[in-house]
Amino acid sequence: MSGGVERYGLFELTVSSRSARPRAWFWQEGDRREITGFIVGPGKAAVRFMPDKEGTWRYTVEADGGEVSGEFQCVPSTGRNHGPVRTSGMHFRYADGTGFIPMGTTCYAWAHQDGRLMEQTLETLRNAPFNKVRMCVFPKSTQFNANDPEHFPFERIGSGGWDVDKPDQAFWSNLESRVAQLGELGIEADLILFHPYDRWGFSSLSREENLSYIDYCVRRLSAYRNVWWSMANEYDLVFTKNLEEWDALGEAVHNGDPYGHLISVHNWLEPYPKRPWLTHVSWQGGDMQTAFKLRTRYGLPVIVDELGYEGDIEFDWGNLSAFEVVDRMWAAAAFGCYSTHGETFYNEDEVLWWSKGGRLYGEAPKRIAFLREFMNSLPGPMEPLCAGVLDDPSSMAANPQHAELVRSIWDSKPQDIRDIFINEFIKPIGVHRDYMLIYLRRHCQSYYWLDLPQEGTYDVELLDVWEMRREKLVENAHSRVRVPLPGKEGVGIYVARKSGKELTAK
């Protein structure tokens, strides 16, 4: 019997095998799993298994000369090990029930850099507020990312093509070690399987080659608890694939993953259509009201995985101010959505965090830490107060006469005018039965009229998202309250229920 493996940890066994896909069976009483292994070298294959139940697991693995059998003990998990992240309604939760609030960052090609730079990236992440990293499996070729990686995913065919059935073990060993290191830091690895930024031919592989690549990638990496699958970065820029092929690839990932990791598809212009295998929406855009609309339209959690980057490069998507990034992330939170950070400050060595990792230079991360601390302090996830406004915009009206006017205007206008009109009624206000968050964005108000239930008492706090400060404004409030404000942008109002009527979304 081998030593114990933590629940949601990783059990691995290497066997002599001429088969590229050796099969294995793991079982406890009344529970039997079939797992397919993968090549790790000439005549060698490995099988990985992530146990999700404590106790004795027995196994049988196909190998040359017969079968290899044994057992191991699954022991309680410790530290940051809460299992894979799952969706929970419109939000996220670890497999053991612990809540998970995605607070991610983007380092597309960090795992394709030299060892020194990869270690620096890990050290930066160790002290950063992020718990998810968007990263590419294939190497990336764009502005500020022109270097070749030391290793590629597959062996070359002559001078041009790739043999997808012959994985380069050095490449995959490095990639999985980086995934494991992120897991030790409590960080999810959001693995981007395809992208258009390519000069090596990976974006133009045939469908059969893509399916073979996905099959190997999923068999090799799915046993890591911190893996997410992102089918693509900007799928609608990969012109070699149509929607039908994307669907086939998404289904292949879903069907090949025995652990049911999260699956998304990141867009350039058009959000990917809803599919049964899609677990959440990964969206690119700077308008958090649109993110809320996608949440309602899809009925799935939404992560704004690309809202723009704090930086100073020439491209508009990469020269946002720190305040703009932080403002968008707070607005997303109040709309019941989540968001991802990125940074693109130019350096002469062209090591930009968004692409290669390294160090962070911006002002946003420490303020994102304040946001994460605030979100983690809440008794439960918030829902947008304007939850019903897309179906009935008059529900946000202040009085019945106003509601009738809103409804008449709404019914008489075409869809494009409705979209503009309804934005006036969608505000970043999140609510939970025990609290409410009102985020005022760039409005510089000196006071705010707050209408609370007459029954019970509520405490009101100021949240200064730039100064990272919380201040008690009103204690034991009820009914209609005039809340004093500092008349500056980046202010939120937090209302906590002490007793009395619950705060709920309309």
# chains A, B, ... in the order shown; residues from 1 in each chain; ligands from 1

call {"tool": "residues_around", "arguments": {"residues": "A:Ser203", "least_positions_apart": "3", "cutoff": "10 Å", "atoms": "only C-alpha atoms", "output": "VMD selection string"}}
result
chain A and resid 138 194 to 200 206 210 238 to 241

call {"tool": "write_last_selection", "arguments": {"atoms": "N, CA, C and O atoms", "output": "PDB file, in the first residue's frame"}}
result
ATOM      1  N   PHE A 138      -0.703  26.729 -25.787  1.00  0.00           N
ATOM      2  CA  PHE A 138       0.176  26.966 -26.932  1.00  0.00           C
ATOM      3  C   PHE A 138       0.976  28.255 -26.717  1.00  0.00           C
ATOM      4  O   PHE A 138       0.484  29.205 -26.085  1.00  0.00           O
ATOM      5  N   PHE A 194      -6.818  27.291 -27.169  1.00  0.00           N
ATOM      6  CA  PHE A 194      -6.564  27.783 -28.526  1.00  0.00           C
ATOM      7  C   PHE A 194      -6.517  29.304 -28.507  1.00  0.00           C
ATOM      8  O   PHE A 194      -7.149  29.945 -27.655  1.00  0.00           O
ATOM      9  N   HIS A 195      -5.806  29.869 -29.487  1.00  0.00           N
ATOM     10  CA  HIS A 195      -5.800  31.322 -29.673  1.00  0.00           C
ATOM     11  C   HIS A 195      -5.284  31.629 -31.071  1.00  0.00           C
ATOM     12  O   HIS A 195      -4.665  30.778 -31.725  1.00  0.00           O
ATOM     13  N   PRO A 196      -5.505  32.856 -31.573  1.00  0.00           N
ATOM     14  CA  PRO A 196      -5.107  33.194 -32.946  1.00  0.00           C
ATOM     15  C   PRO A 196      -3.701  33.769 -33.091  1.00  0.00           C
ATOM     16  O   PRO A 196      -3.256  34.004 -34.219  1.00  0.00           O
ATOM     17  N   TYR A 197      -2.982  34.006 -31.987  1.00  0.00           N
ATOM     18  CA  TYR A 197      -1.710  34.734 -32.034  1.00  0.00           C
ATOM     19  C   TYR A 197      -0.580  33.733 -32.260  1.00  0.00           C
ATOM     20  O   TYR A 197       0.045  33.259 -31.300  1.00  0.00           O
ATOM     21  N   ASP A 198      -0.307  33.430 -33.518  1.00  0.00           N
ATOM     22  CA  ASP A 198       0.465  32.238 -33.806  1.00  0.00           C
ATOM     23  C   ASP A 198       1.294  32.430 -35.066  1.00  0.00           C
ATOM     24  O   ASP A 198       0.815  32.965 -36.065  1.00  0.00           O
ATOM     25  N   ARG A 199       2.558  32.011 -35.023  1.00  0.00           N
ATOM     26  CA  ARG A 199       3.387  31.981 -36.229  1.00  0.00           C
ATOM     27  C   ARG A 199       3.987  30.595 -36.451  1.00  0.00           C
ATOM     28  O   ARG A 199       4.850  30.420 -37.318  1.00  0.00           O
ATOM     29  N   TRP A 200       3.529  29.621 -35.664  1.00  0.00           N
ATOM     30  CA  TRP A 200       4.111  28.284 -35.719  1.00  0.00           C
ATOM     31  C   TRP A 200       3.172  27.241 -36.338  1.00  0.00           C
ATOM     32  O   TRP A 200       3.577  26.118 -36.578  1.00  0.00           O
ATOM     33  N   SER A 206      -5.564  20.704 -38.204  1.00  0.00           N
ATOM     34  CA  SER A 206      -6.832  20.158 -38.668  1.00  0.00           C
ATOM     35  C   SER A 206      -7.729  19.793 -37.494  1.00  0.00           C
ATOM     36  O   SER A 206      -7.275  19.724 -36.342  1.00  0.00           O
ATOM     37  N   ASN A 210      -6.604  18.742 -33.792  1.00  0.00           N
ATOM     38  CA  ASN A 210      -7.083  19.454 -32.599  1.00  0.00           C
ATOM     39  C   ASN A 210      -7.726  18.500 -31.598  1.00  0.00           C
ATOM     40  O   ASN A 210      -7.527  18.624 -30.385  1.00  0.00           O
ATOM     41  N   VAL A 238     -10.080  33.307 -34.477  1.00  0.00           N
ATOM     42  CA  VAL A 238      -9.450  32.096 -35.012  1.00  0.00           C
ATOM     43  C   VAL A 238     -10.232  31.714 -36.268  1.00  0.00           C
ATOM     44  O   VAL A 238     -11.174  30.919 -36.232  1.00  0.00           O
ATOM     45  N   PHE A 239      -9.851  32.283 -37.395  1.00  0.00           N
ATOM     46  CA  PHE A 239     -10.652  32.170 -38.619  1.00  0.00           C
ATOM     47  C   PHE A 239     -10.586  30.791 -39.261  1.00  0.00           C
ATOM     48  O   PHE A 239     -11.329  30.501 -40.198  1.00  0.00           O
ATOM     49  N   THR A 240      -9.700  29.932 -38.757  1.00  0.00           N
ATOM     50  CA  THR A 240      -9.602  28.580 -39.307  1.00  0.00           C
ATOM     51  C   THR A 240     -10.656  27.634 -38.731  1.00  0.00           C
ATOM     52  O   THR A 240     -10.745  26.483 -39.153  1.00  0.00           O
ATOM     53  N   LYS A 241     -11.449  28.115 -37.775  1.00  0.00           N
ATOM     54  CA  LYS A 241     -12.461  27.262 -37.143  1.00  0.00           C
ATOM     55  C   LYS A 241     -13.833  27.936 -37.232  1.00  0.00           C
ATOM     56  O   LYS A 241     -13.943  29.141 -37.005  1.00  0.00           O
TER      57      LYS A 241
END

call {"tool": "closest_residue", "arguments": {"among": "A:Phe323, A:Arg441, A:Lys53, A:Glu343", "to": "A:Gly308", "atoms": "only C-alpha atoms"}}
result
A:Glu343

call {"tool": "atom_distance", "arguments": {"atom1": "atom CA of A:Arg48", "atom2": "atom CA of A:Phe11"}}
result
5.6 Å

call {"tool": "closest_residue", "arguments": {"among": "A:Tyr338, A:Tyr309, A:Trp354, A:Phe315", "to": "A:His280", "atoms": "only C-alpha atoms"}}
result
A:Tyr338

call {"tool": "select_by_dssp", "arguments": {"residues": "stretch 20-251 of chain A", "states": "strand (DSSP E or B)", "output": "PyMOL selection string"}}
result
chain A and resi 23-28+31-36+38-41+44-49+55-63+66-75+85-88+91-94+99-100+103-106+132-136+142+145+154-157+161-167+188-192+227-230

call {"tool": "residues_around", "arguments": {"residues": "A:Arg116", "least_positions_apart": "6", "cutoff": "12 Å", "atoms": "only C-alpha atoms", "output": "PyMOL selection string"}}
result
chain A and resi 110+122-123+356-358

call {"tool": "write_last_selection", "arguments": {"atoms": "all heavy atoms", "output": "PDB file, in the first residue's frame"}}
result
ATOM      1  N   TRP A 110       3.328  33.194 -19.653  1.00  0.00           N
ATOM      2  CA  TRP A 110       4.340  33.137 -18.590  1.00  0.00           C
ATOM      3  C   TRP A 110       5.000  31.767 -18.509  1.00  0.00           C
ATOM      4  O   TRP A 110       6.196  31.659 -18.187  1.00  0.00           O
ATOM      5  CB  TRP A 110       3.729  33.528 -17.242  1.00  0.00           C
ATOM      6  CG  TRP A 110       2.956  32.433 -16.539  1.00  0.00           C
ATOM      7  CD1 TRP A 110       1.668  32.087 -16.745  1.00  0.00           C
ATOM      8  CD2 TRP A 110       3.455  31.571 -15.531  1.00  0.00           C
ATOM      9  NE1 TRP A 110       1.302  31.053 -15.920  1.00  0.00           N
ATOM     10  CE2 TRP A 110       2.381  30.710 -15.161  1.00  0.00           C
ATOM     11  CE3 TRP A 110       4.678  31.411 -14.874  1.00  0.00           C
ATOM     12  CZ2 TRP A 110       2.509  29.721 -14.182  1.00  0.00           C
ATOM     13  CZ3 TRP A 110       4.811  30.428 -13.894  1.00  0.00           C
ATOM     14  CH2 TRP A 110       3.740  29.604 -13.560  1.00  0.00           C
ATOM     15  N   LEU A 122       5.995  33.530 -10.279  1.00  0.00           N
ATOM     16  CA  LEU A 122       5.409  32.803  -9.143  1.00  0.00           C
ATOM     17  C   LEU A 122       5.607  33.573  -7.840  1.00  0.00           C
ATOM     18  O   LEU A 122       4.706  33.630  -7.001  1.00  0.00           O
ATOM     19  CB  LEU A 122       6.020  31.409  -9.038  1.00  0.00           C
ATOM     20  CG  LEU A 122       5.569  30.404 -10.105  1.00  0.00           C
ATOM     21  CD1 LEU A 122       6.476  29.188 -10.108  1.00  0.00           C
ATOM     22  CD2 LEU A 122       4.118  29.981  -9.854  1.00  0.00           C
ATOM     23  N   GLU A 123       6.772  34.166  -7.674  1.00  0.00           N
ATOM     24  CA  GLU A 123       7.028  34.932  -6.459  1.00  0.00           C
ATOM     25  C   GLU A 123       6.127  36.167  -6.389  1.00  0.00           C
ATOM     26  O   GLU A 123       5.630  36.532  -5.317  1.00  0.00           O
ATOM     27  CB  GLU A 123       8.493  35.345  -6.396  1.00  0.00           C
ATOM     28  CG  GLU A 123       8.912  35.988  -5.083  1.00  0.00           C
ATOM     29  CD  GLU A 123       8.668  35.096  -3.872  1.00  0.00           C
ATOM     30  OE1 GLU A 123       8.754  33.856  -4.005  1.00  0.00           O
ATOM     31  OE2 GLU A 123       8.364  35.637  -2.785  1.00  0.00           O
ATOM     32  N   LYS A 356       4.132  38.000 -20.399  1.00  0.00           N
ATOM     33  CA  LYS A 356       5.248  37.180 -19.937  1.00  0.00           C
ATOM     34  C   LYS A 356       5.334  37.039 -18.423  1.00  0.00           C
ATOM     35  O   LYS A 356       6.145  36.255 -17.920  1.00  0.00           O
ATOM     36  CB  LYS A 356       6.565  37.761 -20.452  1.00  0.00           C
ATOM     37  CG  LYS A 356       6.684  37.747 -21.978  1.00  0.00           C
ATOM     38  CD  LYS A 356       8.005  38.344 -22.411  1.00  0.00           C
ATOM     39  CE  LYS A 356       8.131  38.376 -23.925  1.00  0.00           C
ATOM     40  NZ  LYS A 356       9.395  39.014 -24.370  1.00  0.00           N
ATOM     41  N   GLY A 357       4.535  37.803 -17.687  1.00  0.00           N
ATOM     42  CA  GLY A 357       4.643  37.743 -16.234  1.00  0.00           C
ATOM     43  C   GLY A 357       5.760  38.627 -15.735  1.00  0.00           C
ATOM     44  O   GLY A 357       5.968  39.740 -16.219  1.00  0.00           O
ATOM     45  N   GLY A 358       6.495  38.145 -14.742  1.00  0.00           N
ATOM     46  CA  GLY A 358       7.575  38.932 -14.161  1.00  0.00           C
ATOM     47  C   GLY A 358       7.122  39.666 -12.922  1.00  0.00           C
ATOM     48  O   GLY A 358       6.713  39.047 -11.937  1.00  0.00           O
TER      49      GLY A 358
END

call {"tool": "closest_atom_pairs", "arguments": {"of": "stretch 351-434 of chain A", "to": "stretch 331-335 of chain A", "cutoff": "10 Å", "atoms": "only C-alpha atoms", "output": "tab-separated table"}}
result
residue	atom	partner	partner_atom	distance
A:Leu371	CA	A:Ala333	CA	9.1
A:Met375	CA	A:Ala333	CA	8.5
A:Pro381	CA	A:Ala333	CA	9.5
A:Met382	CA	A:Ala334	CA	7.4
A:Glu383	CA	A:Phe335	CA	6.9
A:Pro384	CA	A:Phe335	CA	4.8
A:Leu385	CA	A:Phe335	CA	8.0
A:Cys386	CA	A:Phe335	CA	8.4
A:Ala387	CA	A:Phe335	CA	8.9
A:Ile426	CA	A:Phe335	CA	8.9
A:Lys427	CA	A:Phe335	CA	7.8
A:Pro428	CA	A:Ala334	CA	4.9
A:Ile429	CA	A:Ala334	CA	5.1
A:Gly430	CA	A:Ala334	CA	4.5
A:Val431	CA	A:Ala334	CA	8.1

call {"tool": "residues_around", "arguments": {"residues": "A:Asp168", "least_positions_apart": "5", "cutoff": "7 Å", "atoms": "only C-alpha atoms", "output": "MDAnalysis selection string"}}
result
chainID A and resid 152:155

call {"tool": "atom_distance", "arguments": {"atom1": "atom CA of A:Lys166", "atom2": "atom CA of A:Ile39"}}
result
8.7 Å

call {"tool": "residues_around", "arguments": {"residues": "A:Asp411", "least_positions_apart": "6", "cutoff": "12 Å", "atoms": "only C-alpha atoms", "output": "mmCIF file with all heavy atoms, in the first residue's frame"}}
result
data_model
loop_
_atom_site.group_PDB
_atom_site.id
_atom_site.type_symbol
_atom_site.label_atom_id
_atom_site.label_comp_id
_atom_site.auth_asym_id
_atom_site.auth_seq_id
_atom_site.Cartn_x
_atom_site.Cartn_y
_atom_site.Cartn_z
ATOM 1 N N ASP A 391 -36.725 42.461 -17.974
ATOM 2 C CA ASP A 391 -38.073 42.014 -18.318
ATOM 3 C C ASP A 391 -39.103 43.119 -18.113
ATOM 4 O O ASP A 391 -40.082 43.223 -18.851
ATOM 5 C CB ASP A 391 -38.461 40.798 -17.466
ATOM 6 C CG ASP A 391 -37.564 39.606 -17.727
ATOM 7 O OD1 ASP A 391 -37.212 39.393 -18.903
ATOM 8 O OD2 ASP A 391 -37.204 38.916 -16.770
ATOM 9 N N ASP A 392 -38.868 43.939 -17.097
ATOM 10 C CA ASP A 392 -39.840 44.982 -16.766
ATOM 11 C C ASP A 392 -39.092 46.224 -16.292
ATOM 12 O O ASP A 392 -38.856 46.399 -15.096
ATOM 13 C CB ASP A 392 -40.789 44.472 -15.669
ATOM 14 C CG ASP A 392 -41.813 45.528 -15.279
ATOM 15 O OD1 ASP A 392 -41.976 46.516 -16.033
ATOM 16 O OD2 ASP A 392 -42.445 45.373 -14.214
ATOM 17 N N PRO A 393 -38.676 47.105 -17.209
ATOM 18 C CA PRO A 393 -37.925 48.292 -16.801
ATOM 19 C C PRO A 393 -38.696 49.208 -15.868
ATOM 20 O O PRO A 393 -38.104 49.948 -15.089
ATOM 21 C CB PRO A 393 -37.606 48.983 -18.140
ATOM 22 C CG PRO A 393 -38.597 48.440 -19.109
ATOM 23 C CD PRO A 393 -38.891 47.042 -18.666
ATOM 24 N N SER A 394 -40.015 49.147 -15.912
ATOM 25 C CA SER A 394 -40.803 49.992 -15.018
ATOM 26 C C SER A 394 -40.646 49.595 -13.555
ATOM 27 O O SER A 394 -41.012 50.351 -12.659
ATOM 28 C CB SER A 394 -42.278 49.952 -15.425
ATOM 29 O OG SER A 394 -42.800 48.646 -15.297
ATOM 30 N N GLU A 404 -45.528 53.912 -15.332
ATOM 31 C CA GLU A 404 -46.375 53.890 -16.529
ATOM 32 C C GLU A 404 -45.694 54.607 -17.683
ATOM 33 O O GLU A 404 -45.744 54.151 -18.837
ATOM 34 C CB GLU A 404 -47.721 54.549 -16.212
ATOM 35 C CG GLU A 404 -48.711 54.480 -17.364
ATOM 36 C CD GLU A 404 -50.056 55.075 -16.983
ATOM 37 O OE1 GLU A 404 -50.296 55.276 -15.775
ATOM 38 O OE2 GLU A 404 -50.845 55.337 -17.895
ATOM 39 N N LEU A 405 -45.022 55.714 -17.400
ATOM 40 C CA LEU A 405 -44.304 56.451 -18.428
ATOM 41 C C LEU A 405 -43.149 55.611 -18.988
ATOM 42 O O LEU A 405 -42.957 55.527 -20.202
ATOM 43 C CB LEU A 405 -43.769 57.763 -17.845
ATOM 44 C CG LEU A 405 -42.874 58.604 -18.774
ATOM 45 C CD1 LEU A 405 -43.638 59.043 -20.004
ATOM 46 C CD2 LEU A 405 -42.302 59.797 -18.008
ATOM 47 N N ILE A 417 -32.670 51.357 -29.338
ATOM 48 C CA ILE A 417 -33.002 52.462 -28.438
ATOM 49 C C ILE A 417 -33.312 51.934 -27.041
ATOM 50 O O ILE A 417 -32.950 52.556 -26.033
ATOM 51 C CB ILE A 417 -34.198 53.272 -28.982
ATOM 52 C CG1 ILE A 417 -33.875 53.820 -30.375
ATOM 53 C CG2 ILE A 417 -34.559 54.397 -28.032
ATOM 54 C CD1 ILE A 417 -32.667 54.724 -30.425
ATOM 55 N N ARG A 418 -33.934 50.780 -26.968
ATOM 56 C CA ARG A 418 -34.186 50.164 -25.658
ATOM 57 C C ARG A 418 -32.875 49.928 -24.909
ATOM 58 O O ARG A 418 -32.793 50.155 -23.696
ATOM 59 C CB ARG A 418 -34.908 48.828 -25.836
ATOM 60 C CG ARG A 418 -36.367 48.925 -26.222
ATOM 61 C CD ARG A 418 -36.973 47.537 -26.213
ATOM 62 N NE ARG A 418 -38.374 47.523 -26.538
ATOM 63 C CZ ARG A 418 -39.166 46.464 -26.382
ATOM 64 N NH1 ARG A 418 -38.653 45.347 -25.918
ATOM 65 N NH2 ARG A 418 -40.435 46.532 -26.705
ATOM 66 N N PHE A 421 -31.746 53.136 -23.557
ATOM 67 C CA PHE A 421 -32.691 53.596 -22.546
ATOM 68 C C PHE A 421 -32.547 52.817 -21.233
ATOM 69 O O PHE A 421 -32.542 53.400 -20.141
ATOM 70 C CB PHE A 421 -34.108 53.440 -23.108
ATOM 71 C CG PHE A 421 -35.202 53.857 -22.163
ATOM 72 C CD1 PHE A 421 -35.418 55.184 -21.891
ATOM 73 C CD2 PHE A 421 -36.027 52.914 -21.564
ATOM 74 C CE1 PHE A 421 -36.431 55.581 -21.033
ATOM 75 C CE2 PHE A 421 -37.031 53.295 -20.708
ATOM 76 C CZ PHE A 421 -37.247 54.632 -20.441
ATOM 77 N N ILE A 422 -32.403 51.511 -21.361
ATOM 78 C CA ILE A 422 -32.412 50.688 -20.152
ATOM 79 C C ILE A 422 -31.146 50.873 -19.328
ATOM 80 O O ILE A 422 -31.141 50.652 -18.115
ATOM 81 C CB ILE A 422 -32.631 49.200 -20.504
ATOM 82 C CG1 ILE A 422 -33.217 48.465 -19.289
ATOM 83 C CG2 ILE A 422 -31.342 48.547 -20.965
ATOM 84 C CD1 ILE A 422 -33.737 47.092 -19.620
#

call {"tool": "decode", "arguments": {"residues": "stretch 244-271 of chain A", "atoms": "N, CA and C atoms", "output": "short mmCIF file (atom, residue, chain, number, x, y, z; two decimals), in the first residue's frame"}}
result
data_model
loop_
_atom_site.label_atom_id
_atom_site.label_comp_id
_atom_site.auth_asym_id
_atom_site.auth_seq_id
_atom_site.Cartn_x
_atom_site.Cartn_y
_atom_site.Cartn_z
N GLU A 244 -19.33 25.24 -35.66
CA GLU A 244 -19.58 23.79 -35.53
C GLU A 244 -18.34 23.07 -35.01
N GLU A 245 -17.16 23.49 -35.46
CA GLU A 245 -15.94 22.85 -34.95
C GLU A 245 -15.68 23.24 -33.50
N TRP A 246 -15.94 24.50 -33.16
CA TRP A 246 -15.78 24.90 -31.76
C TRP A 246 -16.70 24.06 -30.87
N ASP A 247 -17.92 23.83 -31.32
CA ASP A 247 -18.84 23.00 -30.53
C ASP A 247 -18.28 21.60 -30.33
N ALA A 248 -17.73 21.03 -31.41
CA ALA A 248 -17.16 19.68 -31.31
C ALA A 248 -15.98 19.65 -30.35
N LEU A 249 -15.16 20.68 -30.37
CA LEU A 249 -14.01 20.73 -29.47
C LEU A 249 -14.46 20.91 -28.01
N GLY A 250 -15.47 21.76 -27.81
CA GLY A 250 -16.00 21.94 -26.45
C GLY A 250 -16.60 20.66 -25.90
N GLU A 251 -17.33 19.96 -26.72
CA GLU A 251 -17.91 18.69 -26.29
C GLU A 251 -16.82 17.66 -25.99
N ALA A 252 -15.73 17.68 -26.77
CA ALA A 252 -14.64 16.75 -26.53
C ALA A 252 -13.98 17.00 -25.18
N VAL A 253 -13.79 18.26 -24.83
CA VAL A 253 -13.24 18.58 -23.51
C VAL A 253 -14.19 18.11 -22.41
N HIS A 254 -15.46 18.44 -22.57
CA HIS A 254 -16.46 18.07 -21.57
C HIS A 254 -16.54 16.55 -21.39
N ASN A 255 -16.58 15.82 -22.49
CA ASN A 255 -16.72 14.37 -22.42
C ASN A 255 -15.44 13.67 -21.96
N GLY A 256 -14.29 14.29 -22.22
CA GLY A 256 -13.04 13.65 -21.87
C GLY A 256 -12.56 13.91 -20.46
N ASP A 257 -13.16 14.88 -19.77
CA ASP A 257 -12.72 15.27 -18.43
C ASP A 257 -13.55 14.52 -17.38
N PRO A 258 -12.98 13.56 -16.68
CA PRO A 258 -13.76 12.80 -15.70
C PRO A 258 -14.09 13.57 -14.44
N TYR A 259 -13.55 14.78 -14.30
CA TYR A 259 -13.74 15.55 -13.06
C TYR A 259 -14.66 16.75 -13.24
N GLY A 260 -15.09 17.03 -14.46
CA GLY A 260 -16.06 18.10 -14.68
C GLY A 260 -15.54 19.48 -14.38
N HIS A 261 -14.30 19.78 -14.76
CA HIS A 261 -13.77 21.13 -14.54
C HIS A 261 -14.57 22.17 -15.33
N LEU A 262 -14.47 23.41 -14.91
CA LEU A 262 -15.19 24.50 -15.55
C LEU A 262 -14.70 24.71 -16.99
N ILE A 263 -15.64 25.08 -17.87
CA ILE A 263 -15.33 25.31 -19.28
C ILE A 263 -15.96 26.63 -19.73
N SER A 264 -15.16 27.47 -20.39
CA SER A 264 -15.67 28.74 -20.93
C SER A 264 -15.07 28.96 -22.31
N VAL A 265 -15.55 30.02 -22.99
CA VAL A 265 -14.99 30.43 -24.28
C VAL A 265 -14.91 31.96 -24.27
N HIS A 266 -13.71 32.49 -24.37
CA HIS A 266 -13.49 33.93 -24.36
C HIS A 266 -13.67 34.49 -25.78
N ASN A 267 -14.27 35.66 -25.89
CA ASN A 267 -14.61 36.25 -27.19
C ASN A 267 -13.80 37.49 -27.50
N TRP A 268 -13.85 37.90 -28.76
CA TRP A 268 -13.38 39.21 -29.17
C TRP A 268 -14.57 40.16 -29.26
N LEU A 269 -15.49 39.90 -30.19
CA LEU A 269 -16.66 40.76 -30.36
C LEU A 269 -17.95 40.08 -29.89
N GLU A 270 -18.17 38.85 -30.35
CA GLU A 270 -19.45 38.19 -30.10
C GLU A 270 -19.32 37.12 -29.01
N PRO A 271 -20.06 37.25 -27.91
CA PRO A 271 -20.02 36.21 -26.88
C PRO A 271 -20.40 34.85 -27.46
#
